[in-house]
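These notes are about the structure you will find just below.
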Amino acid sequence: MQHVFVLQHPALTECDLGILNTLNLPSENIRHGTLRLPVTDGFRLPEAVSAELNRQHIDHAVLPDLAFSELGLIVSDMDSTLITIECVDEIAAGVGLKAQVAEITEQSMRGELDFEQSLRRRVALLKGLDERILQEVYDNVLQLSPGAEYLLDECKKNGVKFALVSGGFTFFTERLQQRLGLDYQHANVLEISDGLLTGQLLGGVVDAQAKADLLVQLRERLGLEKHRVLAMGDGANDIPMLLEAGIGIAYRAKPKAQAHADACINFGGLEAVRGWFR
């Protein structure tokens, strides 16, 4: 399959791209803040070029030369990917434990703690909290990441299914599915009794392996080849999912996730996912 070197920046025509001359690649025009340069098999981007592009906040990657409509499925993490927050951290704010819970979240996302153990520890700290805090977080704190609605519109236009697979909670994934018209959602279930959080989860935990398994199940259900599936996430618990997909995208991600991704979006919003493709 032909590959391309793709650069993205909202003002790419104003950036200094002189360093690209060292690559001896065909000249192409910049369109809508994106430059796509055909490359030969085995092309590797020199570190000096990558460093200079990063310095100018230009997202870049070498990827298969595909049209967006050739994808059949995008599987996305929720917290800090499709949305800007970590929901469990914001729920914990209701009991004055946001800093404590957020530190556990960070350690988990960096891959320093087992995800299931860290999630259960965080949820246990929420015991006794009024369930109304969940709606308050959804209504007043939760925000979509920049470019999310554009990406979802492009999915609908091009017949690309969208699945939200999260280590977070169904309270949020179900509402986002209804609001945004997502095709699939799967997440953890918070146990609630007499209007209060019990500090427990119902059923199994959606951890890193569960995310990857769900991707495979959806891929097989839709009859898709691996290269037609894209996964995106930000933390260590997304790595198996990124690797199981044909294309793995790390969005504003922790270093471990970036190291296992085919492309990283460090500067742009989720519109950049669409920009990787024709």
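A note on labels: chains of the structure tokens are A, B, ... as shown, every chain counts residues from 1, and ligands are counted from 1 in their shown order.
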Select from stretch 14-100 of chain A every residue with an atom at most 10 Å from any atom of stretch 176-182 of chain A, then for each give the shortest pair of atoms and their distance in Å to one decimal, using only C-alpha atoms, rows by chain and rising number, as a tab-separated table.
residue	atom	partner	partner_atom	distance
A:Met78	CA	A:Leu176	CA	9.6
A:Leu82	CA	A:Leu176	CA	9.8
A:Ile83	CA	A:Leu176	CA	9.8
Compile the contact shell of A:Met1 as a list in words: residues with an atom at most 12 Å away, counting only C-alpha atoms, same-chain residues fewer than 3 positions apart removed. Val4, Pro38, Val39, Thr40, Asp41, Gly42, Leu63, Pro64, Asp65, Leu66 and His227 of chain A
Which of these residues is nearest to A:Thr84, using only C-alpha atoms: A:Leu134, A:Val206, A:Leu129, A:Leu142?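 Among the listed residues, the smallest separation from A:Thr84 belongs to A:Leu142.
Proximity of A:Asn266, A:Phe162, A:Ile85, A:Gly248 to A:Gln56, computed with only C-alpha atoms, is greatest for A:Asn266.
The space separating atom CA of A:Glu131 from atom CA of A:Phe171 comes to 10.3 Å.
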Just want the 9 Å neighbourhood of A:Arg110, counted on only C-alpha atoms, with same-chain residues fewer than 3 positions away dropped. Output as JSON, numbers by chain. {"A": [105, 106, 107, 113, 235, 236, 237, 254, 255, 256, 257]}
The selected residues should be written to file as a tab-separated table (two decimals), in the first residue's frame (atoms: all heavy atoms).
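Just written: again.tsv:
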chain	number	residue	atom	x	y	z
A	105	THR	N	-5.44	8.76	38.76
A	105	THR	CA	-5.74	8.73	37.32
A	105	THR	C	-4.48	8.94	36.49
A	105	THR	O	-4.23	8.21	35.53
A	105	THR	CB	-6.78	9.82	36.97
A	105	THR	OG1	-7.98	9.59	37.71
A	105	THR	CG2	-7.10	9.81	35.48
A	106	GLU	N	-3.70	9.94	36.85
A	106	GLU	CA	-2.46	10.23	36.11
A	106	GLU	C	-1.51	9.05	36.14
A	106	GLU	O	-0.91	8.69	35.12
A	106	GLU	CB	-1.79	11.48	36.69
A	106	GLU	CG	-2.33	12.78	36.16
A	106	GLU	CD	-2.05	12.96	34.68
A	106	GLU	OE1	-0.87	12.91	34.28
A	106	GLU	OE2	-3.01	13.14	33.92
A	107	GLN	N	-1.34	8.44	37.30
A	107	GLN	CA	-0.44	7.29	37.42
A	107	GLN	C	-0.92	6.14	36.53
A	107	GLN	O	-0.12	5.46	35.89
A	107	GLN	CB	-0.36	6.84	38.87
A	107	GLN	CG	0.39	7.81	39.78
A	107	GLN	CD	0.37	7.35	41.22
A	107	GLN	OE1	-0.66	6.94	41.76
A	107	GLN	NE2	1.53	7.41	41.87
A	113	LEU	N	0.27	2.27	37.17
A	113	LEU	CA	-0.62	1.48	38.01
A	113	LEU	C	-1.49	0.59	37.12
A	113	LEU	O	-1.84	0.97	36.00
A	113	LEU	CB	-1.54	2.39	38.84
A	113	LEU	CG	-0.93	3.21	39.97
A	113	LEU	CD1	-2.01	4.09	40.59
A	113	LEU	CD2	-0.30	2.32	41.03
A	235	GLY	N	-4.14	7.27	26.81
A	235	GLY	CA	-3.45	6.72	27.96
A	235	GLY	C	-2.89	5.33	27.73
A	235	GLY	O	-3.14	4.70	26.68
A	236	ALA	N	-2.16	4.83	28.72
A	236	ALA	CA	-1.56	3.50	28.62
A	236	ALA	C	-2.61	2.42	28.45
A	236	ALA	O	-2.36	1.40	27.78
A	236	ALA	CB	-0.72	3.23	29.87
A	237	ASN	N	-3.81	2.62	29.01
A	237	ASN	CA	-4.86	1.60	28.86
A	237	ASN	C	-5.47	1.58	27.47
A	237	ASN	O	-6.29	0.72	27.17
A	237	ASN	CB	-5.96	1.80	29.91
A	237	ASN	CG	-6.74	3.07	29.71
A	237	ASN	OD1	-6.18	4.13	29.45
A	237	ASN	ND2	-8.06	2.99	29.85
A	254	LYS	N	-0.19	10.51	26.66
A	254	LYS	CA	0.95	10.23	27.51
A	254	LYS	C	2.04	9.58	26.65
A	254	LYS	O	1.76	8.95	25.63
A	254	LYS	CB	0.55	9.31	28.66
A	254	LYS	CG	-0.57	9.85	29.52
A	254	LYS	CD	-0.17	11.15	30.21
A	254	LYS	CE	-1.26	11.65	31.15
A	254	LYS	NZ	-2.46	12.13	30.47
A	255	PRO	N	3.32	9.72	27.06
A	255	PRO	CA	4.43	9.20	26.25
A	255	PRO	C	4.30	7.73	25.87
A	255	PRO	O	4.63	7.35	24.74
A	255	PRO	CB	5.65	9.46	27.12
A	255	PRO	CG	5.28	10.66	27.93
A	255	PRO	CD	3.81	10.50	28.22
A	256	LYS	N	3.84	6.88	26.79
A	256	LYS	CA	3.73	5.46	26.47
A	256	LYS	C	2.74	5.22	25.33
A	256	LYS	O	2.98	4.38	24.45
A	256	LYS	CB	3.33	4.66	27.71
A	256	LYS	CG	4.47	4.39	28.67
A	256	LYS	CD	4.08	3.36	29.72
A	256	LYS	CE	5.27	3.03	30.61
A	256	LYS	NZ	4.95	1.99	31.62
A	257	ALA	N	1.64	5.93	25.35
A	257	ALA	CA	0.66	5.78	24.28
A	257	ALA	C	1.22	6.30	22.96
A	257	ALA	O	1.05	5.68	21.90
A	257	ALA	CB	-0.64	6.50	24.63
Which distance in Å separates atom CA of A:Ala48 and atom CA of A:Ala231, to one decimal? 27.8 Å
Please return, as number ranges by chain, all residues of stretch 33-262 of chain A that DSSP assigns to strand (DSSP E) on the basis of the backbone. A: 34-39, 59-64, 73-76, 161-169, 184-193, 196-202, 229-233, 247-251
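Distances to A:Gln185 were evaluated for A:Leu45, A:Ala253, A:Leu214, A:Val160 using only C-alpha atoms, and the minimum falls at A:Leu214.
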Extract, using only C-alpha atoms, all DNA, RNA and protein residues at most 10 Å from A:Val101, discarding same-chain residues fewer than 2 positions from it, and format them as a list in words.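 In the requested form, the answer reads Val88, Asp89, Glu90, Ile91, Ala92, Ala93, Gly96, Leu97, Lys98, Ala99, Glu103, Ile104, Thr105, Glu106, Ser118, Leu119, Arg121, Arg122, Val123, Leu125 and Leu126 of chain A.
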Nearest-residue call for A:Val205, choices A:Phe43, A:Phe68, A:Phe115, A:Tyr184, using only C-alpha atoms: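 The closest residue to A:Val205 is A:Phe115.
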Contacts of A:Leu17 at 10 Å or less, counting only C-alpha atoms, minus same-chain residues fewer than 2 places along, as a list in words? Leu12, Thr13, Glu14, Cys15, Ile19, Leu20, Asn21, Val49, Glu52, Leu53 and Gln56 of chain A
Excluding A:Asp153 and any residue of its chain fewer than 2 positions from it, enumerate the residues within 12 Å of it, using only C-alpha atoms, and give them as a CSV table (one decimal) with all heavy atoms, in the first residue's frame.
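Output file part.csv follows:
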chain,number,residue,atom,x,y,z
A,147,GLY,N,-12.9,20.0,17.7
A,147,GLY,CA,-12.9,19.2,16.5
A,147,GLY,C,-13.8,18.0,16.5
A,147,GLY,O,-13.9,17.3,15.5
A,148,ALA,N,-14.3,17.6,17.7
A,148,ALA,CA,-15.1,16.4,17.9
A,148,ALA,C,-16.3,16.3,17.0
A,148,ALA,O,-16.6,15.3,16.3
A,148,ALA,CB,-15.4,16.1,19.3
A,149,GLU,N,-17.1,17.4,17.0
A,149,GLU,CA,-18.3,17.4,16.3
A,149,GLU,C,-18.0,17.4,14.8
A,149,GLU,O,-18.8,16.7,14.0
A,149,GLU,CB,-19.2,18.6,16.6
A,149,GLU,CG,-19.7,18.5,18.1
A,149,GLU,CD,-20.6,19.7,18.5
A,149,GLU,OE1,-20.0,20.8,18.7
A,149,GLU,OE2,-21.8,19.6,18.6
A,150,TYR,N,-17.0,18.1,14.3
A,150,TYR,CA,-16.6,18.0,12.9
A,150,TYR,C,-16.2,16.6,12.5
A,150,TYR,O,-16.7,16.1,11.5
A,150,TYR,CB,-15.4,18.9,12.7
A,150,TYR,CG,-14.8,18.8,11.3
A,150,TYR,CD1,-15.4,19.3,10.2
A,150,TYR,CD2,-13.6,18.1,11.1
A,150,TYR,CE1,-14.8,19.1,8.9
A,150,TYR,CE2,-13.0,17.9,9.9
A,150,TYR,CZ,-13.7,18.4,8.8
A,150,TYR,OH,-13.1,18.2,7.5
A,151,LEU,N,-15.4,15.9,13.3
A,151,LEU,CA,-15.0,14.5,13.0
A,151,LEU,C,-16.2,13.6,12.9
A,151,LEU,O,-16.4,12.8,12.0
A,151,LEU,CB,-14.1,14.0,14.1
A,151,LEU,CG,-13.7,12.5,14.0
A,151,LEU,CD1,-13.0,12.3,12.6
A,151,LEU,CD2,-12.8,12.1,15.1
A,155,CYS,N,-17.7,11.4,9.8
A,155,CYS,CA,-18.0,10.0,9.9
A,155,CYS,C,-19.3,9.7,9.3
A,155,CYS,O,-19.5,8.8,8.5
A,155,CYS,CB,-17.9,9.5,11.3
A,155,CYS,SG,-16.2,9.4,12.0
A,156,LYS,N,-20.3,10.5,9.6
A,156,LYS,CA,-21.7,10.3,9.1
A,156,LYS,C,-21.7,10.5,7.6
A,156,LYS,O,-22.4,9.7,6.9
A,156,LYS,CB,-22.7,11.2,9.8
A,156,LYS,CG,-22.9,10.9,11.3
A,156,LYS,CD,-23.8,11.8,12.0
A,156,LYS,CE,-24.1,11.5,13.4
A,156,LYS,NZ,-23.0,11.7,14.3
A,157,LYS,N,-21.0,11.5,7.1
A,157,LYS,CA,-21.0,11.8,5.7
A,157,LYS,C,-20.4,10.7,4.9
A,157,LYS,O,-20.8,10.4,3.7
A,157,LYS,CB,-20.3,13.1,5.4
A,157,LYS,CG,-21.0,14.3,5.8
A,157,LYS,CD,-20.1,15.6,5.6
A,157,LYS,CE,-20.7,16.8,6.1
A,157,LYS,NZ,-19.9,18.0,5.9
A,158,ASN,N,-19.4,10.0,5.5
A,158,ASN,CA,-18.6,9.0,4.8
A,158,ASN,C,-18.9,7.6,5.1
A,158,ASN,O,-18.2,6.7,4.7
A,158,ASN,CB,-17.1,9.3,5.0
A,158,ASN,CG,-16.6,10.5,4.3
A,158,ASN,OD1,-16.3,10.5,3.1
A,158,ASN,ND2,-16.6,11.7,5.0
A,159,GLY,N,-19.9,7.4,5.9
A,159,GLY,CA,-20.3,6.0,6.3
A,159,GLY,C,-19.4,5.3,7.2
A,159,GLY,O,-19.3,4.1,7.2
A,160,VAL,N,-18.7,6.0,8.1
A,160,VAL,CA,-17.7,5.5,9.0
A,160,VAL,C,-18.4,5.3,10.3
A,160,VAL,O,-18.9,6.3,10.9
A,160,VAL,CB,-16.5,6.3,9.1
A,160,VAL,CG1,-15.5,5.7,10.1
A,160,VAL,CG2,-15.8,6.5,7.8
A,161,LYS,N,-18.5,4.1,10.9
A,161,LYS,CA,-19.1,3.9,12.2
A,161,LYS,C,-18.2,4.4,13.3
A,161,LYS,O,-17.0,4.4,13.1
A,161,LYS,CB,-19.4,2.4,12.4
A,161,LYS,CG,-20.3,1.7,11.4
A,161,LYS,CD,-21.7,2.2,11.5
A,161,LYS,CE,-22.6,1.4,10.5
A,161,LYS,NZ,-24.0,1.9,10.6
A,162,PHE,N,-18.9,4.8,14.4
A,162,PHE,CA,-18.1,5.4,15.5
A,162,PHE,C,-18.5,4.7,16.8
A,162,PHE,O,-19.7,4.7,17.2
A,162,PHE,CB,-18.3,6.9,15.6
A,162,PHE,CG,-17.3,7.6,16.5
A,162,PHE,CD1,-16.2,8.3,15.9
A,162,PHE,CD2,-17.5,7.7,17.8
A,162,PHE,CE1,-15.3,8.9,16.7
A,162,PHE,CE2,-16.6,8.3,18.7
A,162,PHE,CZ,-15.5,9.0,18.1
A,180,LEU,N,-25.0,12.7,20.4
A,180,LEU,CA,-24.1,12.8,19.2
A,180,LEU,C,-24.4,11.8,18.1
A,180,LEU,O,-23.9,11.9,17.0
A,180,LEU,CB,-22.7,12.7,19.6
A,180,LEU,CG,-22.2,13.7,20.7
A,180,LEU,CD1,-20.7,13.3,21.1
A,180,LEU,CD2,-22.2,15.1,20.1
A,181,GLY,N,-25.3,10.9,18.4
A,181,GLY,CA,-25.7,9.9,17.3
A,181,GLY,C,-24.6,8.9,17.1
A,181,GLY,O,-24.3,8.4,16.0
A,182,LEU,N,-23.9,8.5,18.2
A,182,LEU,CA,-22.8,7.5,18.1
A,182,LEU,C,-23.4,6.1,17.8
A,182,LEU,O,-24.5,5.8,18.3
A,182,LEU,CB,-22.0,7.4,19.4
A,182,LEU,CG,-21.4,8.8,19.9
A,182,LEU,CD1,-20.6,8.5,21.2
A,182,LEU,CD2,-20.6,9.5,18.8
A,270,LEU,N,-9.4,17.2,17.2
A,270,LEU,CA,-9.8,16.0,16.6
A,270,LEU,C,-10.1,16.1,15.1
A,270,LEU,O,-10.2,15.1,14.4
A,270,LEU,CB,-11.1,15.4,17.3
A,270,LEU,CG,-10.8,14.9,18.8
A,270,LEU,CD1,-12.1,14.4,19.4
A,270,LEU,CD2,-9.7,13.7,18.7
A,271,GLU,N,-10.2,17.3,14.6
A,271,GLU,CA,-10.4,17.5,13.2
A,271,GLU,C,-9.1,16.9,12.5
A,271,GLU,O,-9.2,16.6,11.3
A,271,GLU,CB,-10.6,19.0,12.8
A,271,GLU,CG,-9.3,19.9,12.9
A,271,GLU,CD,-8.9,20.2,14.3
A,271,GLU,OE1,-9.8,20.1,15.2
A,271,GLU,OE2,-7.8,20.7,14.5
A,274,ARG,N,-9.5,13.5,10.8
A,274,ARG,CA,-10.0,13.5,9.4
A,274,ARG,C,-8.8,14.0,8.5
A,274,ARG,O,-8.7,13.5,7.3
A,274,ARG,CB,-11.1,14.5,9.3
A,274,ARG,CG,-11.6,14.8,7.9
A,274,ARG,CD,-12.2,13.5,7.3
A,274,ARG,NE,-12.7,13.7,5.9
A,274,ARG,CZ,-11.9,13.6,4.8
A,274,ARG,NH1,-10.6,13.3,5.0
A,274,ARG,NH2,-12.4,13.7,3.7
Those in stretch 131-230 of chain A with helix (DSSP H, G or I) from DSSP, as a ChimeraX atom specification: /A:132-140,148-158,170-180,208-222,226-228
Given only C-alpha atoms as the basis, pick out the residue of A:Val165, A:Leu201, A:Leu224, A:Leu25 nearest to A:Ala187.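 Selected residue with least distance to A:Ala187: A:Val165.
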Option closest in space to A:Leu230, from A:Val273, A:Leu190, A:Ile133, A:Leu37 [counting only C-alpha atoms]: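 Counting only C-alpha atoms, the residue closest to A:Leu230 is A:Val273.
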